[in-house]
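Containing PDB, C-alpha atoms: target.pdb.
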ATOM      1  CA  MET A  10      14.400  22.764 -12.268
ATOM      2  CA  HIS A  11      11.780  24.471 -10.099
ATOM      3  CA  GLU A  12      14.503  27.045  -9.390
ATOM      4  CA  LEU A  13      13.472  28.950 -12.536
ATOM      5  CA  ALA A  14       9.881  29.457 -11.332
ATOM      6  CA  ILE A  15      11.063  30.131  -7.774
ATOM      7  CA  THR A  16      13.663  32.695  -8.901
ATOM      8  CA  LYS A  17      11.128  34.448 -11.126
ATOM      9  CA  SER A  18       8.609  34.719  -8.262
ATOM     10  CA  MET A  19      11.352  35.884  -5.904
ATOM     11  CA  LEU A  20      12.477  38.608  -8.331
ATOM     12  CA  ASP A  21       8.865  39.785  -8.856
ATOM     13  CA  LEU A  22       8.427  40.033  -5.091
ATOM     14  CA  VAL A  23      11.726  41.910  -4.620
ATOM     15  CA  LEU A  24      10.997  44.400  -7.416
ATOM     16  CA  GLU A  25       7.520  45.049  -6.027
ATOM     17  CA  GLN A  26       8.954  45.760  -2.563
ATOM     18  CA  ALA A  27      11.749  47.934  -3.969
ATOM     19  CA  GLU A  28       9.282  49.974  -5.996
ATOM     20  CA  LYS A  29       7.063  50.429  -2.942
ATOM     21  CA  ALA A  30      10.083  51.824  -1.063
ATOM     22  CA  GLU A  31      10.959  54.015  -4.076
ATOM     23  CA  ALA A  32      14.409  52.475  -4.147
ATOM     24  CA  LYS A  33      16.731  53.041  -7.096
ATOM     25  CA  GLU A  34      18.792  49.949  -6.628
ATOM     26  CA  VAL A  35      18.648  46.646  -4.782
ATOM     27  CA  GLY A  36      22.056  45.789  -3.315
ATOM     28  CA  LYS A  37      21.327  42.566  -1.472
ATOM     29  CA  ILE A  38      18.529  40.012  -1.133
ATOM     30  CA  ASN A  39      18.362  37.872   1.989
ATOM     31  CA  LEU A  40      16.622  34.551   1.383
ATOM     32  CA  VAL A  41      15.589  31.861   3.844
ATOM     33  CA  ILE A  42      15.295  28.398   2.316
ATOM     34  CA  GLY A  43      14.399  25.131   4.026
ATOM     35  CA  GLU A  44      16.424  22.062   3.197
ATOM     36  CA  MET A  45      13.278  20.084   2.319
ATOM     37  CA  CYS A  46      12.583  22.409  -0.615
ATOM     38  CA  GLY A  47      15.590  21.042  -2.479
ATOM     39  CA  VAL A  48      16.567  24.430  -3.870
ATOM     40  CA  VAL A  49      20.043  24.571  -5.405
ATOM     41  CA  GLU A  50      21.765  27.913  -4.681
ATOM     42  CA  GLU A  51      23.868  27.880  -7.857
ATOM     43  CA  CYS A  52      20.733  27.423  -9.970
ATOM     44  CA  VAL A  53      18.954  30.340  -8.312
ATOM     45  CA  GLN A  54      22.039  32.514  -8.809
ATOM     46  CA  PHE A  55      22.286  31.494 -12.478
ATOM     47  CA  TYR A  56      18.627  32.256 -13.227
ATOM     48  CA  PHE A  57      18.756  35.450 -11.157
ATOM     49  CA  ASP A  58      21.702  36.855 -13.118
ATOM     50  CA  PHE A  59      19.763  36.248 -16.312
ATOM     51  CA  LEU A  60      16.285  37.380 -15.198
ATOM     52  CA  SER A  61      17.362  40.498 -13.308
ATOM     53  CA  LYS A  62      19.178  42.090 -16.274
ATOM     54  CA  GLY A  63      17.906  45.621 -16.863
ATOM     55  CA  THR A  64      15.963  45.733 -13.556
ATOM     56  CA  SER A  65      16.797  47.615 -10.361
ATOM     57  CA  ALA A  66      17.937  44.292  -8.869
ATOM     58  CA  GLU A  67      20.585  43.659 -11.491
ATOM     59  CA  GLY A  68      23.872  42.777  -9.800
ATOM     60  CA  ALA A  69      22.278  42.391  -6.338
ATOM     61  CA  ALA A  70      24.032  39.934  -4.026
ATOM     62  CA  LEU A  71      21.978  36.896  -3.004
ATOM     63  CA  SER A  72      22.385  35.622   0.525
ATOM     64  CA  PHE A  73      21.018  32.146   1.284
ATOM     65  CA  LYS A  74      20.174  31.171   4.840
ATOM     66  CA  MET A  75      19.610  27.402   4.592
ATOM     67  CA  VAL A  76      17.399  25.901   7.314
ATOM     68  CA  PRO A  77      18.025  22.252   8.210
ATOM     69  CA  THR A  78      15.048  19.891   8.485
ATOM     70  CA  LYS A  79      14.029  19.593  12.119
ATOM     71  CA  ALA A  80      11.375  17.467  13.763
ATOM     72  CA  ARG A  81       9.736  17.158  17.157
ATOM     73  CA  CYS A  82       9.436  13.592  18.391
ATOM     74  CA  ARG A  83       5.835  12.724  19.296
ATOM     75  CA  GLY A  84       7.172  10.140  21.742
ATOM     76  CA  CYS A  85       9.549  12.152  23.941
ATOM     77  CA  ASP A  86       8.752  15.688  22.712
ATOM     78  CA  ARG A  87      12.406  16.485  21.975
ATOM     79  CA  LEU A  88      13.690  18.335  18.912
ATOM     80  CA  PHE A  89      16.150  16.736  16.530
ATOM     81  CA  GLU A  90      17.617  17.189  13.068
ATOM     82  CA  LEU A  91      16.623  14.721  10.352
ATOM     83  CA  LYS A  92      19.592  12.949   8.870
ATOM     84  CA  GLU A  93      19.603  11.389   5.433
ATOM     85  CA  PHE A  94      18.075   7.875   5.545
ATOM     86  CA  ASP A  95      17.751   7.946   9.317
ATOM     87  CA  TRP A  96      14.464   9.295  10.510
ATOM     88  CA  THR A  97      14.375   8.081  14.055
ATOM     89  CA  CYS A  98      14.527  10.153  17.195
ATOM     90  CA  PRO A  99      18.125   9.977  18.510
ATOM     91  CA  TYR A 100      16.829  10.169  22.112
ATOM     92  CA  CYS A 101      14.074   7.516  22.204
ATOM     93  CA  GLN A 102      14.378   5.845  18.757
ATOM     94  CA  GLY A 103      10.735   6.725  18.047
ATOM     95  CA  ASN A 104       9.737   7.285  14.438
ATOM     96  CA  ASN A 105       6.604   9.351  14.839
ATOM     97  CA  MET A 106       7.421  13.031  14.424
ATOM     98  CA  GLU A 107       6.171  16.428  13.465
ATOM     99  CA  ILE A 108       8.284  18.382  10.973
ATOM    100  CA  VAL A 109       8.868  21.826  12.510
ATOM    101  CA  ALA A 110      11.479  23.349  10.186
ATOM    102  CA  GLY A 111      12.853  22.816   6.713
ATOM    103  CA  LYS A 112       9.932  23.932   4.537
ATOM    104  CA  GLU A 113      10.781  27.669   4.583
ATOM    105  CA  LEU A 114      10.915  29.530   1.280
ATOM    106  CA  PHE A 115      10.768  33.277   1.815
ATOM    107  CA  VAL A 116      12.463  36.637   1.308
ATOM    108  CA  GLU A 117      13.562  37.835   4.735
ATOM    109  CA  SER A 118      14.705  41.317   3.733
ATOM    110  CA  ILE A 119      16.263  43.384   0.971
ATOM    111  CA  GLU A 120      18.941  46.052   1.148
ATOM    112  CA  VAL A 121      18.216  49.010  -1.113
ATOM    113  CA  GLU A 122      19.532  52.448  -1.972
TER     114      GLU A 122
ATOM    115  CA  MET B  20      18.564  50.831   3.904
ATOM    116  CA  GLU B  21      17.256  47.413   4.875
ATOM    117  CA  ILE B  22      13.602  46.601   4.250
ATOM    118  CA  LYS B  23      12.019  43.678   6.105
ATOM    119  CA  VAL B  24       9.987  41.633   3.635
ATOM    120  CA  LEU B  25       9.170  38.288   5.307
ATOM    121  CA  LYS B  26       7.015  37.139   2.423
ATOM    122  CA  ASP B  27       6.671  33.699   0.878
ATOM    123  CA  ILE B  28       8.401  33.498  -2.465
ATOM    124  CA  LEU B  29       5.519  31.482  -3.876
ATOM    125  CA  GLY B  30       2.868  33.755  -2.310
ATOM    126  CA  ALA B  31       1.588  34.845  -5.737
ATOM    127  CA  ASN B  32       1.038  31.202  -6.711
ATOM    128  CA  GLU B  33      -0.781  30.542  -3.427
ATOM    129  CA  GLN B  34      -3.043  33.509  -4.107
ATOM    130  CA  ILE B  35      -4.051  32.232  -7.567
ATOM    131  CA  ALA B  36      -4.498  28.738  -6.122
ATOM    132  CA  GLY B  37      -6.930  30.265  -3.607
ATOM    133  CA  ILE B  38      -8.946  31.835  -6.449
ATOM    134  CA  ASN B  39      -9.013  28.478  -8.300
ATOM    135  CA  ARG B  40     -10.243  26.804  -5.135
ATOM    136  CA  GLN B  41     -13.064  29.343  -4.799
ATOM    137  CA  LEU B  42     -14.107  28.747  -8.405
ATOM    138  CA  LEU B  43     -14.164  24.981  -7.792
ATOM    139  CA  ASP B  44     -16.107  25.389  -4.552
ATOM    140  CA  SER B  45     -18.700  27.663  -6.124
ATOM    141  CA  ASN B  46     -19.327  24.936  -8.723
ATOM    142  CA  ASN B  47     -19.319  22.145  -6.111
ATOM    143  CA  VAL B  48     -16.363  20.473  -7.784
ATOM    144  CA  PHE B  49     -13.921  18.440  -5.687
ATOM    145  CA  ALA B  50     -10.374  18.578  -7.094
ATOM    146  CA  VAL B  51      -7.510  16.139  -6.660
ATOM    147  CA  ASN B  52      -3.902  16.969  -7.546
ATOM    148  CA  LEU B  53      -2.419  13.662  -8.677
ATOM    149  CA  MET B  54       1.378  13.536  -8.480
ATOM    150  CA  SER B  55       4.068  10.901  -9.034
ATOM    151  CA  SER B  56       7.326  10.241 -10.831
ATOM    152  CA  PRO B  57       7.039   9.454 -14.562
ATOM    153  CA  GLY B  58       5.715   5.955 -15.201
ATOM    154  CA  ALA B  59       4.286   5.324 -11.720
ATOM    155  CA  GLY B  60       0.788   4.892 -13.152
ATOM    156  CA  LYS B  61      -1.062   8.220 -13.002
ATOM    157  CA  THR B  62      -2.917   7.748 -16.285
ATOM    158  CA  SER B  63      -3.687   4.081 -15.521
ATOM    159  CA  LEU B  64      -5.053   5.079 -12.126
ATOM    160  CA  ILE B  65      -7.258   7.769 -13.690
ATOM    161  CA  LEU B  66      -8.635   5.254 -16.205
ATOM    162  CA  GLU B  67      -9.366   2.678 -13.487
ATOM    163  CA  THR B  68     -10.934   5.334 -11.263
ATOM    164  CA  ILE B  69     -13.205   6.522 -14.091
ATOM    165  CA  LYS B  70     -14.325   2.935 -14.800
ATOM    166  CA  ARG B  71     -15.161   2.292 -11.145
ATOM    167  CA  LEU B  72     -16.987   5.570 -10.617
ATOM    168  CA  LYS B  73     -19.115   5.465 -13.745
ATOM    169  CA  GLY B  74     -22.691   6.248 -12.781
ATOM    170  CA  LYS B  75     -21.618   7.279  -9.245
ATOM    171  CA  THR B  76     -20.081  10.671  -9.955
ATOM    172  CA  ARG B  77     -19.275  12.855 -12.983
ATOM    173  CA  ILE B  78     -15.554  13.241 -13.599
ATOM    174  CA  GLY B  79     -13.406  15.702 -15.528
ATOM    175  CA  VAL B  80      -9.640  15.513 -16.070
ATOM    176  CA  ILE B  81      -6.856  18.058 -16.563
ATOM    177  CA  GLU B  82      -3.798  16.419 -18.118
ATOM    178  CA  GLY B  83      -0.475  18.093 -17.418
ATOM    179  CA  ASP B  84       2.398  17.024 -19.632
ATOM    180  CA  VAL B  85       5.635  18.578 -20.785
ATOM    181  CA  SER B  86       4.491  17.885 -24.351
ATOM    182  CA  SER B  87       2.126  15.654 -26.384
ATOM    183  CA  SER B  88      -1.548  14.859 -25.855
ATOM    184  CA  LEU B  89      -1.191  11.057 -25.761
ATOM    185  CA  ASP B  90      -2.632  10.677 -22.256
ATOM    186  CA  ALA B  91      -5.503  13.064 -22.968
ATOM    187  CA  GLU B  92      -6.482  11.022 -26.032
ATOM    188  CA  VAL B  93      -6.514   7.775 -24.045
ATOM    189  CA  ILE B  94      -8.643   9.310 -21.295
ATOM    190  CA  SER B  95     -11.116  11.032 -23.616
ATOM    191  CA  LYS B  96     -12.018   7.573 -24.981
ATOM    192  CA  GLU B  97     -13.668   6.974 -21.601
ATOM    193  CA  GLY B  98     -16.152   9.706 -22.460
ATOM    194  CA  VAL B  99     -15.087  12.235 -19.821
ATOM    195  CA  PRO B 100     -14.112  15.860 -20.561
ATOM    196  CA  VAL B 101     -10.322  16.255 -20.732
ATOM    197  CA  VAL B 102      -8.312  19.456 -20.951
ATOM    198  CA  GLN B 103      -4.647  19.197 -21.899
ATOM    199  CA  ILE B 104      -1.969  21.511 -20.516
ATOM    200  CA  ASN B 105       1.419  21.346 -22.185
ATOM    201  CA  THR B 106       3.979  23.035 -19.988
ATOM    202  CA  GLY B 107       6.431  23.362 -22.898
ATOM    203  CA  GLY B 108       9.405  22.103 -20.933
ATOM    204  CA  GLY B 109       8.155  23.179 -17.498
ATOM    205  CA  CYS B 110       8.557  20.457 -14.893
ATOM    206  CA  HIS B 111       5.356  21.095 -12.905
ATOM    207  CA  LEU B 112       1.913  22.672 -13.118
ATOM    208  CA  ASP B 113       1.353  25.941 -11.307
ATOM    209  CA  ALA B 114      -1.810  27.716 -10.209
ATOM    210  CA  ASN B 115      -1.747  30.017 -13.216
ATOM    211  CA  MET B 116      -1.687  27.117 -15.697
ATOM    212  CA  ALA B 117      -4.452  25.408 -13.727
ATOM    213  CA  SER B 118      -6.470  28.633 -13.851
ATOM    214  CA  SER B 119      -6.262  28.794 -17.670
ATOM    215  CA  ALA B 120      -7.206  25.133 -17.948
ATOM    216  CA  LEU B 121     -10.155  25.543 -15.570
ATOM    217  CA  GLY B 122     -11.649  28.017 -18.051
ATOM    218  CA  ASN B 123     -12.012  25.126 -20.492
ATOM    219  CA  VAL B 124     -13.360  22.523 -18.050
ATOM    220  CA  PRO B 125     -17.189  22.218 -18.031
ATOM    221  CA  LEU B 126     -17.344  22.756 -14.250
ATOM    222  CA  LYS B 127     -21.156  22.752 -14.191
ATOM    223  CA  ASP B 128     -21.203  19.206 -15.591
ATOM    224  CA  ILE B 129     -18.736  17.545 -13.232
ATOM    225  CA  GLU B 130     -18.367  16.791  -9.512
ATOM    226  CA  LEU B 131     -14.824  15.446  -9.418
ATOM    227  CA  LEU B 132     -11.814  16.957 -11.172
ATOM    228  CA  ILE B 133      -8.615  14.934 -11.349
ATOM    229  CA  ILE B 134      -5.564  17.034 -12.226
ATOM    230  CA  GLU B 135      -2.713  14.873 -13.480
ATOM    231  CA  ASN B 136       0.454  16.780 -12.673
ATOM    232  CA  VAL B 137       3.711  16.480 -14.611
ATOM    233  CA  GLY B 138       5.638  13.333 -13.633
ATOM    234  CA  ASN B 139       8.156  14.615 -11.089
ATOM    235  CA  LEU B 140       8.647  14.189  -7.327
ATOM    236  CA  ILE B 141      10.325  17.534  -6.646
ATOM    237  CA  CYS B 142       8.698  20.551  -8.267
ATOM    238  CA  PRO B 143       4.963  19.724  -8.026
ATOM    239  CA  ALA B 144       5.336  19.590  -4.231
ATOM    240  CA  GLU B 145       5.951  23.347  -4.086
ATOM    241  CA  PHE B 146       3.113  24.626  -6.248
ATOM    242  CA  ALA B 147      -0.482  24.536  -5.015
ATOM    243  CA  LEU B 148      -3.089  24.478  -7.788
ATOM    244  CA  GLY B 149      -6.299  24.995  -5.829
ATOM    245  CA  GLU B 150      -6.866  21.306  -5.130
ATOM    246  CA  HIS B 151      -8.789  19.902  -2.163
ATOM    247  CA  LYS B 152      -6.572  16.837  -1.765
ATOM    248  CA  ASN B 153      -3.056  15.899  -2.813
ATOM    249  CA  VAL B 154      -2.622  12.318  -3.905
ATOM    250  CA  LEU B 155       0.783  10.783  -4.547
ATOM    251  CA  ILE B 156       1.440   7.530  -6.382
ATOM    252  CA  SER B 157       4.655   5.736  -5.466
ATOM    253  CA  SER B 158       5.154   2.465  -7.325
ATOM    254  CA  ILE B 159       7.016  -0.697  -6.311
ATOM    255  CA  PRO B 160       9.750  -0.512  -9.028
ATOM    256  CA  GLU B 161      10.797   2.949  -7.767
ATOM    257  CA  GLY B 162      12.085   1.432  -4.531
ATOM    258  CA  ASP B 163      11.136   2.033  -0.906
ATOM    259  CA  ASP B 164      13.714   4.780  -0.243
ATOM    260  CA  LYS B 165      11.752   7.562  -1.978
ATOM    261  CA  PRO B 166      10.369   9.256   1.172
ATOM    262  CA  PHE B 167      13.956   9.929   2.291
ATOM    263  CA  LYS B 168      14.927  11.385  -1.072
ATOM    264  CA  TYR B 169      11.784  13.457  -1.713
ATOM    265  CA  PRO B 170      10.424  14.207   1.763
ATOM    266  CA  LEU B 171       8.400  17.298   0.862
ATOM    267  CA  ILE B 172       5.995  15.567  -1.524
ATOM    268  CA  PHE B 173       5.407  12.705   0.943
ATOM    269  CA  HIS B 174       4.852  15.262   3.680
ATOM    270  CA  LYS B 175       2.317  17.158   1.582
ATOM    271  CA  ALA B 176       0.301  14.125   0.417
ATOM    272  CA  ASP B 177      -3.148  13.416   1.879
ATOM    273  CA  ALA B 178      -3.021   9.933   0.386
ATOM    274  CA  VAL B 179      -0.166   7.781  -0.892
ATOM    275  CA  LEU B 180      -1.046   5.011  -3.336
ATOM    276  CA  ILE B 181       1.523   2.208  -3.536
ATOM    277  CA  ASN B 182       0.945   1.065  -7.114
ATOM    278  CA  LYS B 183       2.062  -2.110  -8.938
ATOM    279  CA  ILE B 184       1.850  -4.378  -5.885
ATOM    280  CA  ASP B 185       1.471  -7.280  -8.351
ATOM    281  CA  LEU B 186       5.262  -6.903  -8.806
ATOM    282  CA  LEU B 187       6.059  -7.445  -5.110
ATOM    283  CA  PRO B 188       7.137 -11.097  -5.599
ATOM    284  CA  TYR B 189       9.817  -9.990  -8.075
ATOM    285  CA  LEU B 190      11.239  -6.837  -6.488
ATOM    286  CA  LYS B 191      12.736  -5.811  -3.174
ATOM    287  CA  PHE B 192      10.281  -3.437  -1.514
ATOM    288  CA  ASP B 193       9.408  -3.394   2.178
ATOM    289  CA  THR B 194       5.816  -2.122   2.145
ATOM    290  CA  GLU B 195       5.555  -2.059   5.919
ATOM    291  CA  ALA B 196       8.773  -0.088   6.501
ATOM    292  CA  PHE B 197       7.849   2.275   3.658
ATOM    293  CA  SER B 198       4.409   2.950   5.143
ATOM    294  CA  GLN B 199       5.872   3.425   8.614
ATOM    295  CA  VAL B 200       8.330   6.085   7.421
ATOM    296  CA  ILE B 201       5.577   8.051   5.670
ATOM    297  CA  LYS B 202       3.172   7.753   8.605
ATOM    298  CA  GLY B 203       5.965   8.823  10.947
ATOM    299  CA  MET B 204       6.364  12.226   9.298
ATOM    300  CA  ASN B 205       2.805  12.639   8.052
ATOM    301  CA  GLU B 206       0.470  11.292  10.712
ATOM    302  CA  GLU B 207      -2.765  12.011   8.848
ATOM    303  CA  VAL B 208      -1.804  10.346   5.556
ATOM    304  CA  GLU B 209      -3.873   7.463   4.148
ATOM    305  CA  ILE B 210      -1.933   4.683   2.434
ATOM    306  CA  PHE B 211      -3.461   2.400  -0.211
ATOM    307  CA  PRO B 212      -1.448  -0.494  -1.669
ATOM    308  CA  LEU B 213      -3.000  -1.326  -5.051
ATOM    309  CA  SER B 214      -2.460  -2.551  -8.585
ATOM    310  CA  CYS B 215      -4.016  -0.988 -11.655
ATOM    311  CA  THR B 216      -3.161  -4.208 -13.536
ATOM    312  CA  THR B 217      -4.931  -6.732 -11.283
ATOM    313  CA  GLY B 218      -7.421  -4.307  -9.735
ATOM    314  CA  GLU B 219      -6.388  -5.266  -6.173
ATOM    315  CA  GLY B 220      -6.871  -2.442  -3.666
ATOM    316  CA  LEU B 221      -8.717  -0.135  -6.053
ATOM    317  CA  VAL B 222     -12.017  -0.512  -4.187
ATOM    318  CA  GLN B 223     -10.441   0.921  -1.017
ATOM    319  CA  TRP B 224      -8.964   3.872  -2.922
ATOM    320  CA  VAL B 225     -12.211   4.674  -4.699
ATOM    321  CA  SER B 226     -14.267   4.462  -1.474
ATOM    322  CA  TRP B 227     -11.833   6.820   0.266
ATOM    323  CA  LEU B 228     -12.138   9.260  -2.631
ATOM    324  CA  MET B 229     -15.944   9.136  -2.519
ATOM    325  CA  ALA B 230     -15.865   9.658   1.253
ATOM    326  CA  GLN B 231     -13.689  12.770   0.789
ATOM    327  CA  MET B 232     -16.296  14.105  -1.627
ATOM    328  CA  GLY B 233     -18.990  13.555   0.990
ATOM    329  CA  LYS B 234     -20.453  10.636  -0.972
ATOM    330  CA  GLY B 235     -19.175   7.871   1.277
TER     331      GLY B 235
END

As a first step, turn the structure in this file into structure tokens.
Amino acid sequence: MHELAITKSMLDLVLEQAEKAEAKEVGKINLVIGEMCGVVEECVQFYFDFLSKGTSAEGAALSFKMVPTKARCRGCDRLFELKEFDWTCPYCQGNNMEIVAGKELFVESIEVE
Amino acid sequence: MEIKVLKDILGANEQIAGINRQLLDSNNVFAVNLMSSPGAGKTSLILETIKRLKGKTRIGVIEGDVSSSLDAEVISKEGVPVVQINTGGGCHLDANMASSALGNVPLKDIELLIIENVGNLICPAEFALGEHKNVLISSIPEGDDKPFKYPLIFHKADAVLINKIDLLPYLKFDTEAFSQVIKGMNEEVEIFPLSCTTGEGLVQWVSWLMAQMGKG
């Protein structure tokens, strides 16, 4: 349900950037979202369609670049992807790691006219 | 025309959280954001913490709930200032709500502020409030698979309290494996197994809290 607050913040940010660029219309919004954030694309789209009505971003296409959760093993220093219910390093079976990707939640760019 | 933005979606929330933090710091108030799923024991923990810290530090509480002021009423009986936030359906507190509530907290009269977030393991993880430490309660009946299902909140926590350990003889919960998984992805985290019913482990939690406040 956090998608409502996230979508609202995202729209505010996009409209602010579009206004700064004196754009008339926002055609596309490119989002980068880490898997750990648990953001559901369909929910964001649903809230966006509703919230953006009457703004310069109405009808803009949303593009989601989902980033898988990645960790660096503190034992062997290698990078690996975290799989559901298996958080061990596939190379050395260590379970001490540093999360290096998967927490992203940002607007990469917007396409405007 | 493409415009590079590269800005955090929740940047505005972070900014307000920063202002809240400054306000707390200027009043020498240490704030804890207390998170858990519903029913894990947030209110019980606050009550037990107040009892054990009476005379040692002055506490204030912000109660975040979707609706009702039941918890706030229970806590105010302990004689500490309580401010209720009703999110009106919202599943988490955000920095803006915390900011409004802070206006009603007698900051000059307290040293420790406990903010009880809305019971939820997903949304509160995303929204900073201005707290100094994030504390997560995970209780035995919830099962030991929660770090896999809600990794972000376990990753963000400075301390994880394993509550209701008095139920360990009756339920399947591998405390050691659970702690190892959390420590594996969050090296700095402190883990405190405890029970608000029997009082076991509460001394360790309270001493850690006092140490964080510089009163250890």

Please check the contacts: residues of chain A at most 8 Å away from chain B, using all atoms listed in the file, listed as a list in words.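 Output check: Met10, His11, Ile15, Ser18, Met19, Leu22, Gln26, Met45, Cys46, Gly47, Glu93, Phe94, Trp96, Asn104, Asn105, Met106, Glu107, Ile108, Lys112, Leu114, Phe115, Val116, Glu117, Ser118, Ile119, Glu120, Val121 and Glu122 of chain A.
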
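Going from atom CA of A:Ile42 over to atom CA of A:Asp58, you cover 18.7 Å.
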
Nearest to A:Leu13, chosen from A:Phe89, A:Gly43, A:Tyr56, A:Glu50, with only C-alpha atoms counted in the distances: A:Tyr56

Give me, please, the distance in Å between atom CA of A:Gly36 and atom CA of A:Gly68, quoted to one decimal.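 Answer for the atom CA of A:Gly36 to atom CA of A:Gly68 separation: 7.4 Å.
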
Hey, which of B:Leu64, B:Ile78, B:Leu186, B:Leu53 ends up closest to B:His151? Count all atoms listed in the file.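 Of B:Leu64, B:Ile78, B:Leu186, B:Leu53, the one nearest B:His151 is B:Leu53, counting all atoms listed in the file.
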
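For the file shown, the residue list from the PyMOL selection byres ((chain A and resi 86) around 10) reads Ala80, Arg81, Cys82, Arg83, Gly84, Cys85, Arg87, Leu88, Phe89, Cys98, Tyr100, Cys101, Met106 and Glu107 of chain A.
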